[in-house]
Amino acid sequence: MRRLFLSFCLFAWAGALAQTPAATPPAGPIPLEAFTKFDEFGGVKISPDGGFIAVLTGKHGRSKILFIDLKNKKTLAGIEVPQDCEIDEYHWVSPTRIIYMLSQRQGANVEPTPTGEIFAINRDGSSSRKIYGYRAEESSLDTRLATRKASFATAELLSDLRKDSDHILIAEFPWRHLGNVWEANPDVKPLISRLEVYSGKKQQLDMVPLRGASLLLDHDDNVRFAFGRDERAKLAVSWKPQPGSEWTSFELEGFVDESVVPRRFSSDDRSVFLTGLREGETFNGLYRLDLQTKQIEKVYAFDDSDVRSVVADFADREVIGVRSYSDKRRDFWLRKDDAAAKTYQSLQRAFGNQRVTVTSTSEDGRLAVVFVDSDVNPGDYYLFDTTSMHADFLRAGRIWIEPKQMLPKEPIALKARDGLQLHGYVTRAAGDGPHPMVVLPHGGPHGIRDWWEFDPEVQLLANRGYTVLQVNFRGSGGYGAEFERAGYGEWGAKMQDDLTDATRWAIEQKIAPADRICIYGASYGGFAALMGAAREPDLYRCAIGYSGVYDLELLHESADPASPNDVAYLDRALGTDVAKQRAQSPVYNAQSIKAPVLLIHGSADRTAVLEHAKRMRAALEDNHKKVEWLALRGEGHGTYDENTRREVSERILQFLDANLMHVTAAVK
């Protein structure tokens with residue numbers, strides 16, 4: 001069994017101890033709860049002075065924060081939030097104080113939503129206070145005392161202001177008031193404010209001139225760069241030549257608009273690093289923008305995939321590398337002789353065929369919390385000393401998962417019928433195959449993709465004897481702009497052909513028997529599952545749609561007119577031809593479906609409203625098709641409550657078992 005204690009288990013730094021063990025299938029089925037429970041231990045962050053760590057734990061892994069004294073190896077007082085709340089995020093703001101934000105359940109909804117508030121507490125449990133938010137208003141008869149005011153906005157931490165332990169810097173995104181309801185406004189201009197972490201006293205310092213802006217701070221904690229939309233709704237840069245000067249704006253030319261992500265200032269504060277797609281290029285790259293001259297220099301780009309993120313040194317000042325993701329994650333070090341880059345490479349070598357991610361560091365960069373995971377390992381936390389090169393095991397995120405009993409994700413590649421290169425993964429059930437197979441298309445779909453990582457749903461299916469096929473069909477992210485654009489207008493058409501081609505490829509490769517394949521997906525994956533059953537009625541023995549969209553006309557009509565970006569996205573993704581939308585919708589093709597169908601949907605789903613599933617069920621019943629139904633009270637886009645997650649998994653396994661394991665006749 002994996003380590004079942006919270007205290008530290010120390011061992012010497014040795015690569016052999018860190019390798020992923022070979023898969024050893026368990027003697028029997030692993031309890032279903034092992035795959036449906038949330039991480040018990042996560043969100044590990046080290047204090048600025050390196051003396052303590054804080055960890056998220058409790059129900060859903062988010063109801064408590066515990067503080068652990070690293071010197072004395074013991075747990076101190078912690079935080080436990082009310083029953084209807086969970087901790088959304090938290091941050092150390094000094095060696096002795098943290099701030100945290102809550103999500104709270106609203107009405108009958110099961111999944112909590114962020115409240116936009118900020119709370120603060122000392123690590124010994126003292127001085128607990130709500131310092132920001134719509135319920136933070138405080139009155140006092142003594143006019144000499146500072147009072148907190150209500151803020152109807154969402155706050156984003158910009159800096160813990162290392163030189164000022166009593167204050168933090170936040171960006172405020174004011175809500176809009178619609179009737180008697182407040183809601184987030186994606187197009188608002190953010191405010192910059194200094195917030196006192198004991199009293200909650202707030203001082204507004206600035207307003208950014210761009211709407212929905214992303215912000216960067218220089219190395220002295222001054223907000224001096226913004227990227228957002230100007231008054232003409234054009235994406236633009238705004239910056240301050242000096243901390244006290246006025247904002248200066250200009251359009252960022254030569255980039256595909258939606259691709260640009262500001263990353264950080266250069267060490268001399270004269271330039272900004274950003275990732276984005278240049279017009280005429282195929283993949284996102286890393287660029288340096290000189291703010292004085294407005295000149296743009298390409299720093300690095302991979303030749304087969306996008307730059308997805310940058311890697312900083314352990315003191316979080318210099319950009320030392322870039323990170324990409326093709327079949328697996330890949331790093332490129334901008335300066336191979338850099339000490340921090342060498343340390344990262346040593347870490348990666350020590351942990352072999354796993355991913356190593358630094359989640360937080362002490363202020364001086366000496367100590368770091370490192371998260372190590374893989375396709376079979378849901379993740380372990382280590383405390384790493386960059387000076388001694390020694391790593392101490394802290395805790396596994398899911399202590400009940402034994403990595404050697406999990407089954408590996410094998411990267412695959414194949415050609416679609418039109419010659420387009422496709423990538424994906426196969427997770428094979430243990431034992432001699434071929435085994436019955438589940439085709440599992442991902443959600444999104446545009447810009448989203450499947451990854452080489454631990455997936456509890458995939459592992460559950462594999463543990464129960466099913467091989468799982470995941471395909472990054474055209475439109476998926478990470479394979480360049482052309483590949484993503486190739487999916488526009490192709491819902492239920494070429495995107496669907498990619499899944500069909502991959503399924504037939506798996507049959508040809510003897511990965512799966514031709515007569516024992518089910519297609520199952522959630523969100524867009526639910527759409528693809530039902531459309532697959534309609535377009536290929538003799539290929540799939542069953543289909544499962546979970547939180548799916550089934551009527552593209554309804555989806556297009558439901559776009560929020562107050563969010564132009566959402567409308568523009570759906571215009572690109574679906575097109576505006578209603579006849580074509582209907583032709584590519586499962587709800588209008590139900591007559592072609594032969595396979596039994598299971599529909600699962602949450603009553604509180606606001607992304608794919610329940611009406612989608614109701615229309616799909618009605619269309620199937622009107623055409624005398626076999627359909628099973630599971631409505632989830634209070635659940636949104638997916639399933640949040642652990643008991644309901646178990647119920648859904650049980651129902652899916654029962655459905656698969658009935659249609660794949662014990663039936664040999666061809667689909668009629």
# chains A, B, ... in the order shown; residues from 1 in each chain; ligands from 1
call {"tool": "residues_around", "arguments": {"residues": "A:Pro209", "least_positions_apart": "6", "cutoff": "10 Å", "atoms": "only C-alpha atoms", "output": "list in words"}}
result
Val188, Lys189, Pro190, Leu191, Ala226, Phe227, Gly228, Arg229, Asp230, Glu231, Val237, Ser238, Trp239, Trp247, Thr248 and Ser249 of chain A
call {"tool": "residues_around", "arguments": {"residues": "stretch 532-549 of chain A", "least_positions_apart": "2", "cutoff": "7 Å", "atoms": "only C-alpha atoms", "output": "PyMOL selection string"}}
result
chain A and resi 496+515-530+551+586+589-590+592-602+608+612+637-638+659+667
call {"tool": "residues_around", "arguments": {"residues": "stretch 368-371 of chain A", "least_positions_apart": "3", "cutoff": "6 Å", "atoms": "only C-alpha atoms", "output": "ChimeraX atom specification"}}
result
/A:356-361,380-384
call {"tool": "write_last_selection", "arguments": {"atoms": "N, CA and C atoms", "output": "PDB file, in the first residue's frame"}}
result
ATOM      1  N   VAL A 356       7.551  16.205 -13.858  1.00  0.00           N
ATOM      2  CA  VAL A 356       7.988  16.906 -12.656  1.00  0.00           C
ATOM      3  C   VAL A 356       7.584  18.370 -12.778  1.00  0.00           C
ATOM      4  N   THR A 357       6.816  18.852 -11.799  1.00  0.00           N
ATOM      5  CA  THR A 357       6.326  20.232 -11.828  1.00  0.00           C
ATOM      6  C   THR A 357       6.608  20.888 -10.488  1.00  0.00           C
ATOM      7  N   VAL A 358       7.265  22.044 -10.517  1.00  0.00           N
ATOM      8  CA  VAL A 358       7.480  22.824  -9.291  1.00  0.00           C
ATOM      9  C   VAL A 358       6.225  23.641  -9.036  1.00  0.00           C
ATOM     10  N   THR A 359       5.593  23.439  -7.881  1.00  0.00           N
ATOM     11  CA  THR A 359       4.325  24.109  -7.590  1.00  0.00           C
ATOM     12  C   THR A 359       4.494  25.367  -6.749  1.00  0.00           C
ATOM     13  N   SER A 360       5.551  25.451  -5.941  1.00  0.00           N
ATOM     14  CA  SER A 360       5.810  26.664  -5.161  1.00  0.00           C
ATOM     15  C   SER A 360       7.240  26.601  -4.650  1.00  0.00           C
ATOM     16  N   THR A 361       7.789  27.776  -4.333  1.00  0.00           N
ATOM     17  CA  THR A 361       9.163  27.854  -3.827  1.00  0.00           C
ATOM     18  C   THR A 361       9.225  28.835  -2.669  1.00  0.00           C
ATOM     19  N   ASP A 380       2.491  12.578  -6.568  1.00  0.00           N
ATOM     20  CA  ASP A 380       3.156  12.591  -5.270  1.00  0.00           C
ATOM     21  C   ASP A 380       3.803  13.958  -5.075  1.00  0.00           C
ATOM     22  N   TYR A 381       3.837  14.404  -3.825  1.00  0.00           N
ATOM     23  CA  TYR A 381       4.465  15.677  -3.483  1.00  0.00           C
ATOM     24  C   TYR A 381       5.784  15.416  -2.766  1.00  0.00           C
ATOM     25  N   TYR A 382       6.802  16.203  -3.145  1.00  0.00           N
ATOM     26  CA  TYR A 382       8.116  16.125  -2.525  1.00  0.00           C
ATOM     27  C   TYR A 382       8.555  17.521  -2.102  1.00  0.00           C
ATOM     28  N   LEU A 383       9.369  17.570  -1.054  1.00  0.00           N
ATOM     29  CA  LEU A 383      10.047  18.804  -0.673  1.00  0.00           C
ATOM     30  C   LEU A 383      11.478  18.690  -1.167  1.00  0.00           C
ATOM     31  N   PHE A 384      11.856  19.608  -2.043  1.00  0.00           N
ATOM     32  CA  PHE A 384      13.149  19.528  -2.720  1.00  0.00           C
ATOM     33  C   PHE A 384      14.037  20.677  -2.303  1.00  0.00           C
TER      34      PHE A 384
END
call {"tool": "select_by_dssp", "arguments": {"residues": "stretch 495-603 of chain A", "states": "strand (DSSP E or B)", "output": "VMD selection string"}}
result
chain A and resid 517 to 522 542 to 546 597 to 602
call {"tool": "write_last_selection", "arguments": {"atoms": "N, CA and C atoms", "output": "PDB file, in the first residue's frame"}}
result
ATOM      1  N   ILE A 517     -17.574  -2.708 -29.424  1.00  0.00           N
ATOM      2  CA  ILE A 517     -17.057  -1.352 -29.241  1.00  0.00           C
ATOM      3  C   ILE A 517     -18.212  -0.427 -28.875  1.00  0.00           C
ATOM      4  N   CYS A 518     -17.996   0.392 -27.850  1.00  0.00           N
ATOM      5  CA  CYS A 518     -18.965   1.414 -27.432  1.00  0.00           C
ATOM      6  C   CYS A 518     -18.301   2.777 -27.540  1.00  0.00           C
ATOM      7  N   ILE A 519     -19.068   3.802 -27.836  1.00  0.00           N
ATOM      8  CA  ILE A 519     -18.557   5.173 -27.871  1.00  0.00           C
ATOM      9  C   ILE A 519     -19.230   5.969 -26.762  1.00  0.00           C
ATOM     10  N   TYR A 520     -18.419   6.636 -25.966  1.00  0.00           N
ATOM     11  CA  TYR A 520     -18.915   7.307 -24.756  1.00  0.00           C
ATOM     12  C   TYR A 520     -18.140   8.608 -24.562  1.00  0.00           C
ATOM     13  N   GLY A 521     -18.867   9.692 -24.290  1.00  0.00           N
ATOM     14  CA  GLY A 521     -18.184  10.945 -24.036  1.00  0.00           C
ATOM     15  C   GLY A 521     -19.050  11.920 -23.273  1.00  0.00           C
ATOM     16  N   ALA A 522     -18.414  12.977 -22.770  1.00  0.00           N
ATOM     17  CA  ALA A 522     -19.099  14.018 -22.005  1.00  0.00           C
ATOM     18  C   ALA A 522     -18.929  15.362 -22.695  1.00  0.00           C
ATOM     19  N   CYS A 542     -22.972   0.292 -28.577  1.00  0.00           N
ATOM     20  CA  CYS A 542     -23.743   1.139 -27.668  1.00  0.00           C
ATOM     21  C   CYS A 542     -23.137   2.533 -27.661  1.00  0.00           C
ATOM     22  N   ALA A 543     -23.882   3.492 -27.112  1.00  0.00           N
ATOM     23  CA  ALA A 543     -23.428   4.883 -27.052  1.00  0.00           C
ATOM     24  C   ALA A 543     -23.894   5.500 -25.740  1.00  0.00           C
ATOM     25  N   ILE A 544     -23.012   6.290 -25.122  1.00  0.00           N
ATOM     26  CA  ILE A 544     -23.327   6.967 -23.857  1.00  0.00           C
ATOM     27  C   ILE A 544     -23.041   8.451 -24.031  1.00  0.00           C
ATOM     28  N   GLY A 545     -24.047   9.276 -23.782  1.00  0.00           N
ATOM     29  CA  GLY A 545     -23.893  10.722 -23.799  1.00  0.00           C
ATOM     30  C   GLY A 545     -24.043  11.284 -22.403  1.00  0.00           C
ATOM     31  N   TYR A 546     -23.040  12.041 -21.961  1.00  0.00           N
ATOM     32  CA  TYR A 546     -22.985  12.536 -20.584  1.00  0.00           C
ATOM     33  C   TYR A 546     -22.814  14.057 -20.649  1.00  0.00           C
ATOM     34  N   VAL A 597     -28.773   3.404 -26.211  1.00  0.00           N
ATOM     35  CA  VAL A 597     -28.205   4.683 -25.787  1.00  0.00           C
ATOM     36  C   VAL A 597     -28.477   4.901 -24.304  1.00  0.00           C
ATOM     37  N   LEU A 598     -27.480   5.418 -23.602  1.00  0.00           N
ATOM     38  CA  LEU A 598     -27.642   5.876 -22.220  1.00  0.00           C
ATOM     39  C   LEU A 598     -27.364   7.372 -22.198  1.00  0.00           C
ATOM     40  N   LEU A 599     -28.337   8.154 -21.703  1.00  0.00           N
ATOM     41  CA  LEU A 599     -28.182   9.604 -21.571  1.00  0.00           C
ATOM     42  C   LEU A 599     -28.102   9.960 -20.094  1.00  0.00           C
ATOM     43  N   ILE A 600     -27.073  10.722 -19.727  1.00  0.00           N
ATOM     44  CA  ILE A 600     -26.864  11.174 -18.352  1.00  0.00           C
ATOM     45  C   ILE A 600     -26.724  12.684 -18.395  1.00  0.00           C
ATOM     46  N   HIS A 601     -27.460  13.395 -17.524  1.00  0.00           N
ATOM     47  CA  HIS A 601     -27.418  14.860 -17.584  1.00  0.00           C
ATOM     48  C   HIS A 601     -27.773  15.464 -16.233  1.00  0.00           C
ATOM     49  N   GLY A 602     -27.106  16.562 -15.914  1.00  0.00           N
ATOM     50  CA  GLY A 602     -27.383  17.288 -14.679  1.00  0.00           C
ATOM     51  C   GLY A 602     -28.499  18.291 -14.860  1.00  0.00           C
TER      52      GLY A 602
END
call {"tool": "closest_residue", "arguments": {"among": "A:Lys45, A:Tyr466, A:Asn472, A:Gln345", "to": "A:Ile448", "atoms": "only C-alpha atoms"}}
result
A:Asn472
call {"tool": "closest_residue", "arguments": {"among": "A:Gly78, A:Pro378, A:Pro31, A:Gly424", "to": "A:Lys404", "atoms": "only C-alpha atoms"}}
result
A:Pro378
call {"tool": "residues_around", "arguments": {"residues": "A:Gly487", "least_positions_apart": "5", "cutoff": "8 Å", "atoms": "only C-alpha atoms", "output": "list in words"}}
result
His446, Arg474, Gly475, Ser476, Lys494, Met495 and Ala573 of chain A
call {"tool": "select_by_dssp", "arguments": {"residues": "stretch 385-634 of chain A", "states": "helix (DSSP H, G or I)", "output": "PyMOL selection string"}}
result
chain A and resi 403-405+456-463+481-485+494-508+524-535+552-557+564-574+578-583+586-588+590-592+610-622
call {"tool": "closest_residue", "arguments": {"among": "A:Ala413, A:Leu574, A:Ile99, A:Val81", "to": "A:Glu490", "atoms": "only C-alpha atoms"}}
result
A:Leu574
call {"tool": "residues_around", "arguments": {"residues": "A:Ala340", "least_positions_apart": "3", "cutoff": "7 Å", "atoms": "only C-alpha atoms", "output": "ChimeraX atom specification"}}
result
/A:313-314,343-344
call {"tool": "residues_around", "arguments": {"residues": "A:Ser259", "least_positions_apart": "5", "cutoff": "10 Å", "atoms": "only C-alpha atoms", "output": "ChimeraX atom specification"}}
result
/A:274-278,284-285,481
call {"tool": "residues_around", "arguments": {"residues": "A:Lys510", "least_positions_apart": "4", "cutoff": "9 Å", "atoms": "only C-alpha atoms", "output": "ChimeraX atom specification"}}
result
/A:433-434,505-506,514
call {"tool": "write_last_selection", "arguments": {"atoms": "N, CA and C atoms", "output": "PDB file, in the first residue's frame"}}
result
ATOM      1  N   GLY A 433      -5.506  -9.837 -25.305  1.00  0.00           N
ATOM      2  CA  GLY A 433      -6.613  -9.202 -26.002  1.00  0.00           C
ATOM      3  C   GLY A 433      -6.904  -9.902 -27.307  1.00  0.00           C
ATOM      4  N   PRO A 434      -7.690  -9.302 -28.178  1.00  0.00           N
ATOM      5  CA  PRO A 434      -8.282  -7.968 -27.955  1.00  0.00           C
ATOM      6  C   PRO A 434      -9.433  -7.996 -26.954  1.00  0.00           C
ATOM      7  N   TRP A 505      -9.057   1.837 -37.287  1.00  0.00           N
ATOM      8  CA  TRP A 505      -7.620   1.561 -37.147  1.00  0.00           C
ATOM      9  C   TRP A 505      -7.374   0.615 -35.986  1.00  0.00           C
ATOM     10  N   ALA A 506      -8.058   0.841 -34.843  1.00  0.00           N
ATOM     11  CA  ALA A 506      -7.888  -0.027 -33.677  1.00  0.00           C
ATOM     12  C   ALA A 506      -8.337  -1.453 -33.980  1.00  0.00           C
ATOM     13  N   ALA A 514     -14.207  -6.144 -33.644  1.00  0.00           N
ATOM     14  CA  ALA A 514     -15.073  -5.270 -34.422  1.00  0.00           C
ATOM     15  C   ALA A 514     -16.494  -5.191 -33.874  1.00  0.00           C
TER      16      ALA A 514
END
call {"tool": "atom_distance", "arguments": {"atom1": "atom CA of A:Gly465", "atom2": "atom CA of A:Trp629"}}
result
24.2 Å
call {"tool": "closest_residue", "arguments": {"among": "A:Thr644, A:Asn463, A:Gln470, A:Asn377", "to": "A:Val438", "atoms": "only C-alpha atoms"}}
result
A:Gln470
call {"tool": "atom_distance", "arguments": {"atom1": "atom CA of A:Val93", "atom2": "atom CA of A:Val208"}}
result
23.7 Å
call {"tool": "closest_residue", "arguments": {"among": "A:Pro48, A:Pro112, A:Gly58, A:Pro441", "to": "A:Thr639", "atoms": "only C-alpha atoms"}}
result
A:Pro112
